[in-house]
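Raw contents of protein.txt, compact mmCIF, C-alpha atoms:
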```txt
# COMPACT_ATOMS: atom_id res chain seq x y z
CA MET R 1 19.18 -103.22 -17.56
CA THR R 2 16.49 -101.47 -19.55
CA GLY R 3 15.27 -99.46 -16.57
CA LEU R 4 18.74 -98.25 -15.69
CA SER R 5 19.51 -97.13 -19.20
CA THR R 6 16.36 -95.08 -19.76
CA LEU R 7 15.76 -93.50 -16.34
CA GLY R 8 18.00 -90.96 -14.66
CA GLU R 9 18.69 -91.03 -10.94
CA PHE R 10 16.32 -88.21 -10.10
CA GLU R 11 13.65 -89.71 -12.34
CA HIS R 12 14.00 -92.91 -10.31
CA VAL R 13 13.59 -90.99 -7.08
CA VAL R 14 10.49 -89.18 -8.37
CA LEU R 15 8.89 -92.43 -9.57
CA LEU R 16 9.52 -94.03 -6.19
CA ALA R 17 8.00 -91.02 -4.42
CA VAL R 18 4.87 -91.32 -6.60
CA LEU R 19 4.74 -95.03 -5.78
CA ARG R 20 5.01 -94.36 -2.04
CA LEU R 21 2.35 -91.63 -2.02
CA GLY R 22 -0.25 -93.58 -3.96
CA ASP R 23 -3.42 -91.54 -4.50
CA GLU R 24 -1.94 -88.43 -2.85
CA ALA R 25 0.89 -87.97 -5.32
CA TYR R 26 0.94 -84.35 -6.45
CA ALA R 27 3.96 -82.11 -6.90
CA VAL R 28 4.13 -80.57 -3.41
CA ALA R 29 3.65 -83.93 -1.67
CA ILE R 30 6.20 -85.57 -3.98
CA ARG R 31 8.76 -82.89 -3.16
CA ASP R 32 8.14 -83.30 0.58
CA GLU R 33 8.38 -87.09 0.29
CA ILE R 34 11.73 -86.84 -1.50
CA GLU R 35 13.04 -84.58 1.24
CA ALA R 36 11.73 -86.86 3.99
CA CYS R 37 13.30 -89.99 2.45
CA THR R 38 16.57 -88.70 1.01
CA GLY R 39 17.23 -85.58 3.10
CA ARG R 40 17.64 -83.65 -0.14
CA ARG R 41 15.49 -80.59 -0.78
CA ALA R 42 14.74 -80.76 -4.49
CA SER R 43 14.07 -77.48 -6.24
CA PRO R 44 10.46 -77.02 -7.32
CA GLY R 45 11.53 -76.55 -10.93
CA SER R 46 13.36 -79.87 -11.11
CA VAL R 47 10.36 -81.73 -9.63
CA TYR R 48 7.82 -80.21 -12.04
CA VAL R 49 10.06 -80.61 -15.06
CA THR R 50 10.87 -84.22 -14.18
CA LEU R 51 7.18 -85.05 -13.66
CA ASP R 52 6.36 -83.45 -16.98
CA ARG R 53 9.15 -85.33 -18.75
CA LEU R 54 8.18 -88.67 -17.18
CA GLU R 55 4.62 -88.13 -18.36
CA THR R 56 5.84 -87.35 -21.86
CA LYS R 57 7.97 -90.51 -21.82
CA GLY R 58 4.91 -92.54 -20.85
CA TYR R 59 5.97 -93.49 -17.32
CA LEU R 60 3.33 -91.40 -15.56
CA GLU R 61 -0.24 -90.40 -16.14
CA SER R 62 -1.87 -87.40 -14.54
CA SER R 63 -5.36 -86.22 -13.73
CA LEU R 64 -6.74 -83.00 -12.30
CA GLY R 65 -8.42 -83.16 -8.89
CA ASP R 66 -11.18 -80.95 -7.57
CA PRO R 67 -10.47 -77.23 -7.11
CA THR R 68 -9.97 -76.17 -3.48
CA ALA R 69 -10.36 -72.82 -1.76
CA ILE R 70 -6.86 -72.76 -0.26
CA ARG R 71 -5.49 -73.01 -3.79
CA GLY R 72 -7.61 -70.14 -5.05
CA GLY R 73 -10.01 -72.48 -6.83
CA ARG R 74 -7.24 -74.23 -8.73
CA ALA R 75 -7.05 -77.99 -9.12
CA LYS R 76 -4.20 -80.28 -8.09
CA ARG R 77 -2.55 -82.44 -10.71
CA TYR R 78 -2.26 -85.98 -9.37
CA TYR R 79 0.23 -88.43 -10.82
CA ALA R 80 0.07 -92.21 -11.02
CA LEU R 81 2.50 -94.82 -12.32
CA ARG R 82 1.80 -96.48 -15.63
CA PRO R 83 2.66 -100.18 -16.12
CA ARG R 84 5.78 -99.18 -18.03
CA ALA R 85 7.11 -97.34 -14.96
CA VAL R 86 6.43 -100.31 -12.68
CA THR R 87 8.33 -102.58 -15.06
CA ALA R 88 11.23 -100.12 -15.30
CA LEU R 89 11.44 -99.81 -11.51
CA GLN R 90 11.38 -103.59 -11.04
CA GLU R 91 14.09 -104.06 -13.64
CA SER R 92 16.32 -101.37 -12.19
CA ARG R 93 15.86 -102.71 -8.67
CA ARG R 94 16.78 -106.20 -9.77
CA ALA R 95 19.81 -104.90 -11.67
CA LEU R 96 21.01 -102.78 -8.76
CA LEU R 97 20.59 -105.59 -6.24
CA GLN R 98 22.56 -107.84 -8.56
CA MET R 99 25.30 -105.24 -8.80
CA TRP R 100 25.39 -104.77 -5.01
CA ARG R 101 25.69 -108.49 -4.31
CA GLY R 102 29.12 -109.26 -2.88
CA VAL R 103 30.26 -105.62 -2.89
CA ASP R 104 29.75 -105.05 0.83
CA GLN R 105 33.01 -106.82 1.72
CA VAL R 106 34.92 -104.76 -0.85
CA LEU R 107 33.45 -101.56 0.60
CA GLU R 108 34.38 -102.66 4.13
CA ARG R 109 37.95 -103.39 3.08
CA SER R 110 38.35 -100.05 1.33
CA ARG R 111 37.37 -98.05 4.41
CA MET J 1 -8.29 -64.84 0.69
CA THR J 2 -4.56 -65.27 0.09
CA ARG J 3 -3.37 -64.42 -3.39
CA LEU J 4 -0.16 -65.05 -5.22
CA PRO J 5 2.31 -62.16 -5.29
CA ARG J 6 1.77 -59.79 -8.17
CA GLY J 7 3.45 -60.87 -11.41
CA VAL J 8 3.93 -64.51 -10.45
CA GLU J 9 1.10 -65.74 -12.65
CA ARG J 10 2.32 -63.60 -15.52
CA LEU J 11 5.80 -65.15 -15.30
CA LEU J 12 4.24 -68.62 -15.18
CA GLY J 13 2.17 -67.73 -18.25
CA TRP J 14 5.31 -66.83 -20.18
CA THR J 15 7.40 -69.83 -19.26
CA VAL J 16 5.30 -72.79 -18.10
CA PRO J 17 3.31 -74.95 -20.57
CA LEU J 18 -0.36 -74.02 -20.61
CA ASP J 19 -1.60 -77.37 -19.28
CA GLN J 20 0.71 -77.06 -16.24
CA GLN J 21 -0.01 -73.46 -15.32
CA GLU J 22 -3.15 -73.96 -13.24
CA PRO J 23 -1.89 -76.82 -11.02
CA ILE J 24 1.49 -75.16 -10.56
CA ALA J 25 -0.09 -71.81 -9.63
CA GLY J 26 -2.28 -73.71 -7.16
CA ASP J 27 0.75 -75.44 -5.63
CA LEU J 28 2.58 -72.12 -5.30
CA LEU J 29 -0.45 -70.50 -3.66
CA GLU J 30 -0.83 -73.43 -1.27
CA ALA J 31 2.81 -73.14 -0.21
CA HIS J 32 2.53 -69.34 0.02
CA ALA J 33 -0.56 -69.57 2.25
CA LEU J 34 1.21 -72.12 4.45
CA ARG J 35 4.21 -69.82 4.89
CA LEU J 36 1.96 -66.92 5.85
CA ARG J 37 0.07 -69.09 8.31
CA GLU J 38 3.23 -70.47 9.93
CA HIS J 39 5.18 -67.25 10.19
CA GLY J 40 2.35 -64.73 10.43
CA PHE J 41 1.58 -61.81 8.23
CA ALA J 42 4.50 -59.87 9.72
CA ALA J 43 6.75 -62.22 7.79
CA SER J 44 4.87 -61.70 4.55
CA PRO J 45 7.83 -60.03 2.72
CA ARG J 46 9.85 -63.20 3.34
CA ALA J 47 6.95 -65.35 2.16
CA TRP J 48 6.60 -63.24 -0.96
CA ALA J 49 10.34 -63.47 -1.62
CA ALA J 50 10.27 -67.25 -1.16
CA THR J 51 7.32 -67.63 -3.53
CA TRP J 52 9.00 -65.41 -6.10
CA TRP J 53 12.23 -67.39 -5.80
CA SER J 54 10.33 -70.66 -6.36
CA THR J 55 8.63 -69.13 -9.40
CA VAL J 56 11.91 -67.95 -10.89
CA GLN J 57 13.43 -71.42 -10.36
CA LEU J 58 10.39 -72.96 -12.02
CA ALA J 59 10.54 -70.59 -14.96
CA ALA J 60 14.25 -71.22 -15.45
CA ALA J 61 13.79 -74.99 -15.23
CA PHE J 62 11.01 -75.03 -17.82
CA ALA J 63 12.88 -72.63 -20.12
CA TRP J 64 15.95 -74.85 -19.96
CA GLU J 65 13.86 -77.98 -20.50
CA ARG J 66 12.24 -76.36 -23.52
CA LEU J 67 15.63 -75.49 -24.98
CA ARG J 68 17.07 -78.94 -24.35
CA ARG J 69 14.19 -81.23 -25.16
CA ASP J 70 11.66 -79.05 -26.98
CA ARG J 71 8.78 -79.95 -24.69
CA THR J 72 5.78 -80.84 -26.84
CA LEU J 73 2.68 -78.68 -26.83
CA PRO J 74 -0.38 -80.20 -25.16
CA PRO J 75 -3.31 -81.23 -27.35
CA ILE J 76 -5.66 -78.28 -27.86
CA ALA J 77 -8.56 -80.19 -26.28
CA ASP J 78 -6.56 -80.63 -23.07
CA GLU J 79 -5.80 -76.95 -22.67
CA PRO J 80 -7.79 -75.44 -19.81
CA PRO J 81 -10.06 -72.63 -21.01
CA ARG J 82 -8.89 -69.21 -19.93
CA ARG J 83 -9.44 -65.60 -20.81
CA SER J 84 -6.50 -63.95 -22.46
CA SER J 85 -5.76 -60.44 -23.55
CA PHE J 86 -4.93 -59.36 -27.09
CA TRP J 87 -1.23 -59.16 -26.24
CA GLU J 88 -1.17 -62.64 -24.69
CA THR J 89 -2.83 -64.06 -27.78
CA LEU J 90 -0.39 -62.23 -30.02
CA ALA J 91 2.55 -63.48 -27.93
CA HIS J 92 1.25 -67.08 -28.14
CA ASP J 93 0.86 -66.75 -31.91
CA VAL J 94 4.40 -65.43 -32.28
CA VAL J 95 5.82 -68.20 -30.06
CA PHE J 96 3.84 -70.81 -31.98
CA GLY J 97 5.12 -69.39 -35.27
CA VAL J 98 8.73 -69.47 -34.09
CA ARG J 99 8.32 -73.05 -32.89
CA ALA J 100 6.75 -74.09 -36.17
CA LEU J 101 9.62 -72.45 -38.04
CA ARG J 102 12.14 -74.28 -35.86
CA ARG J 103 10.47 -77.67 -36.15
CA GLN J 104 9.49 -77.59 -39.80
CA PRO J 105 11.44 -74.75 -41.39
CA GLY J 106 10.74 -75.84 -44.97
CA PHE J 107 7.01 -76.22 -44.53
CA ALA J 108 6.65 -73.03 -42.48
CA SER J 109 8.69 -70.99 -44.98
CA ALA J 110 6.63 -72.36 -47.87
CA ALA J 111 3.40 -71.55 -46.00
CA VAL J 112 4.56 -67.99 -45.31
CA ALA J 113 5.66 -67.53 -48.95
CA VAL J 114 2.40 -68.88 -50.38
CA THR J 115 0.27 -66.83 -47.98
CA SER J 116 2.16 -63.60 -48.63
CA SER J 117 2.15 -64.08 -52.42
CA SER J 118 -1.55 -64.94 -52.57
CA GLU J 119 -2.50 -61.87 -50.56
CA ARG J 120 -0.92 -59.46 -53.04
CA PRO J 121 -3.69 -57.09 -54.15
CA SER J 122 -4.96 -57.93 -57.62
CA ALA J 123 -7.87 -55.49 -57.73
CA PRO J 124 -6.15 -52.73 -59.78
CA ALA J 125 -5.55 -55.12 -62.67
CA ALA J 126 -9.21 -56.04 -62.70
CA ARG J 127 -10.21 -52.39 -62.50
CA ASP J 128 -8.11 -51.45 -65.50
CA TYR J 129 -10.09 -53.46 -68.03
CA ARG J 130 -13.76 -54.18 -67.72
CA VAL J 131 -16.11 -55.56 -70.31
CA THR J 132 -19.21 -53.45 -70.62
CA VAL J 133 -22.31 -54.66 -72.42
CA ARG J 134 -24.54 -51.67 -73.20
CA GLY J 135 -27.39 -53.32 -75.09
CA GLU J 136 -28.36 -56.37 -77.13
CA ASP J 137 -27.48 -54.71 -80.47
CA GLU J 138 -24.14 -53.32 -79.40
CA GLU J 139 -20.80 -55.12 -79.42
CA PRO J 140 -19.14 -55.61 -76.04
CA THR J 141 -16.56 -52.86 -75.45
CA LEU J 142 -13.55 -52.65 -73.14
CA ALA J 143 -13.71 -49.78 -70.68
CA ARG J 144 -10.42 -48.71 -69.11
CA ASN J 145 -10.57 -47.04 -65.70
CA GLN J 146 -14.19 -46.13 -66.19
CA PRO J 147 -16.15 -47.72 -63.33
CA ALA J 148 -19.02 -45.36 -64.12
CA ALA J 149 -19.53 -47.17 -67.43
CA LEU J 150 -20.45 -50.31 -65.48
CA ASP J 151 -23.13 -48.45 -63.57
CA ARG J 152 -24.68 -47.13 -66.74
CA GLY J 153 -24.64 -50.51 -68.51
```

Please render this file's structure as structure tokens.
Amino acid sequence: MTGLSTLGEFEHVVLLAVLRLGDEAYAVAIRDEIEACTGRRASPGSVYVTLDRLETKGYLESSLGDPTAIRGGRAKRYYALRPRAVTALQESRRALLQMWRGVDQVLERSR
Amino acid sequence: MTRLPRGVERLLGWTVPLDQQEPIAGDLLEAHALRLREHGFAASPRAWAATWWSTVQLAAAFAWERLRRDRTLPPIADEPPRRSSFWETLAHDVVFGVRALRRQPGFASAAVAVTSSSERPSAPAARDYRVTVRGEDEEPTLARNQPAALDRG
């Protein structure tokens, strides 16, 4: 349950978006990926702050890409998962699947 | 070339950590250019408003994060080099001083006290009494407020 206790829900979502995007994980793409997968439009502030916090916590590492003309010569900051994040995601997934086991019937009955 | 609306970068400079400013400004410009391309330059006021709204949200989020979690400063070596005006430098110094006071109030207060006490001018005391040696046969004499005596000696 370590992963569940140290990561918030939105932090989970952001980590999964970074995992899905691979080498193309920068803030704009992460925000679009979250919207495409969850249907929720995250505010830019929450995405940047969460990425920054996850990096401070040691779940993410970042590197600056090459400057591009469309960005006025500014570089993109790409994010990648660190081993600690992969472990936390695996643990939380296992814990959640364990918690969901056998609950489907209860949900069906309560409808 | 498309540019960010006026004032956006200044707001980012006030609120967003230095190591995040360049990539975030680039992201905002990328989104701004996309809006202009999709909706045409006739819709530029809307694009400007949307970019400003995103910037304000960003600034508020980082300000709140700083209040709640006291986001750490990046290592100096990691800070991207940039030209800054006198006022920006002064503002950074003041912000740094306030942060230092908040994090280590005892140490910062002691540093301020020591610095201010050691910079008290001590020259008048030295000027009041000076030892003047006039020649090998004469005894050293004390000259009070007579700098000219030093020149003659």

Shell of 12 Å around range 42-55 of chain J, only C-alpha atoms, local chain residues under 3 positions omitted, as a short mmCIF file (atom, residue, chain, number, x, y, z; two decimals) with C-alpha atoms, in the frame of the given file:
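What follows is the written file out-v2.cif:
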```cif
data_model
loop_
_atom_site.label_atom_id
_atom_site.label_comp_id
_atom_site.auth_asym_id
_atom_site.auth_seq_id
_atom_site.Cartn_x
_atom_site.Cartn_y
_atom_site.Cartn_z
CA ALA R 42 14.74 -80.76 -4.49
CA SER R 43 14.07 -77.48 -6.24
CA PRO R 44 10.46 -77.02 -7.32
CA GLY R 45 11.53 -76.55 -10.93
CA SER R 46 13.36 -79.87 -11.11
CA VAL R 47 10.36 -81.73 -9.63
CA TYR R 48 7.82 -80.21 -12.04
CA THR J 2 -4.56 -65.27 0.09
CA ARG J 3 -3.37 -64.42 -3.39
CA LEU J 4 -0.16 -65.05 -5.22
CA PRO J 5 2.31 -62.16 -5.29
CA ARG J 6 1.77 -59.79 -8.17
CA GLY J 7 3.45 -60.87 -11.41
CA VAL J 8 3.93 -64.51 -10.45
CA GLU J 9 1.10 -65.74 -12.65
CA ARG J 10 2.32 -63.60 -15.52
CA LEU J 11 5.80 -65.15 -15.30
CA LEU J 12 4.24 -68.62 -15.18
CA GLY J 13 2.17 -67.73 -18.25
CA TRP J 14 5.31 -66.83 -20.18
CA THR J 15 7.40 -69.83 -19.26
CA VAL J 16 5.30 -72.79 -18.10
CA GLN J 21 -0.01 -73.46 -15.32
CA ILE J 24 1.49 -75.16 -10.56
CA ALA J 25 -0.09 -71.81 -9.63
CA GLY J 26 -2.28 -73.71 -7.16
CA ASP J 27 0.75 -75.44 -5.63
CA LEU J 28 2.58 -72.12 -5.30
CA LEU J 29 -0.45 -70.50 -3.66
CA GLU J 30 -0.83 -73.43 -1.27
CA ALA J 31 2.81 -73.14 -0.21
CA HIS J 32 2.53 -69.34 0.02
CA ALA J 33 -0.56 -69.57 2.25
CA LEU J 34 1.21 -72.12 4.45
CA ARG J 35 4.21 -69.82 4.89
CA LEU J 36 1.96 -66.92 5.85
CA ARG J 37 0.07 -69.09 8.31
CA GLU J 38 3.23 -70.47 9.93
CA HIS J 39 5.18 -67.25 10.19
CA LEU J 58 10.39 -72.96 -12.02
CA ALA J 59 10.54 -70.59 -14.96
CA ALA J 60 14.25 -71.22 -15.45
CA ALA J 61 13.79 -74.99 -15.23
CA PHE J 62 11.01 -75.03 -17.82
#
```

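Nearest to chain R of all the residues J:Val95, J:Val56, J:Val112, J:Leu90 is J:Val56, counting only C-alpha atoms.
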
Ref. answer, residues at most 10 Å from (-10.1, -75.9, -7.6) with all atoms listed in the file, as a ChimeraX atom specification:
/R:64-76 /J:22-23,26

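Note that CA of Ala80 in chain R and CA of Leu21 in chain R are 9.3 Å apart.
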
Kindly compute an axis-aligned box around the listed atoms of range 28-45 of chain R, allowing 4 Å on each side, and express its centre and edge lengths in Å to one decimal as JSON.
```
{"center_x": 10.6, "center_y": -83.3, "center_z": -3.5, "size_x": 22.0, "size_y": 21.4, "size_z": 22.9}
```

One decimal place gives the CA of Tyr59 in chain R-CA of Ala17 in chain R separation as 13.3 Å

Quick check, in Å to one decimal: how far apart do CA of Lys57 in chain R and CA of Glu65 in chain J lie?
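About the pair CA of Lys57 in chain R and CA of Glu65 in chain J: they are 13.9 Å apart.
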
Surrounding residues of Thr50 in chain R excluding itself and chain neighbours under 4 positions, 9 Å, only C-alpha atoms, as number ranges by chain:
R: 10-11, 14, 45-46, 54-55
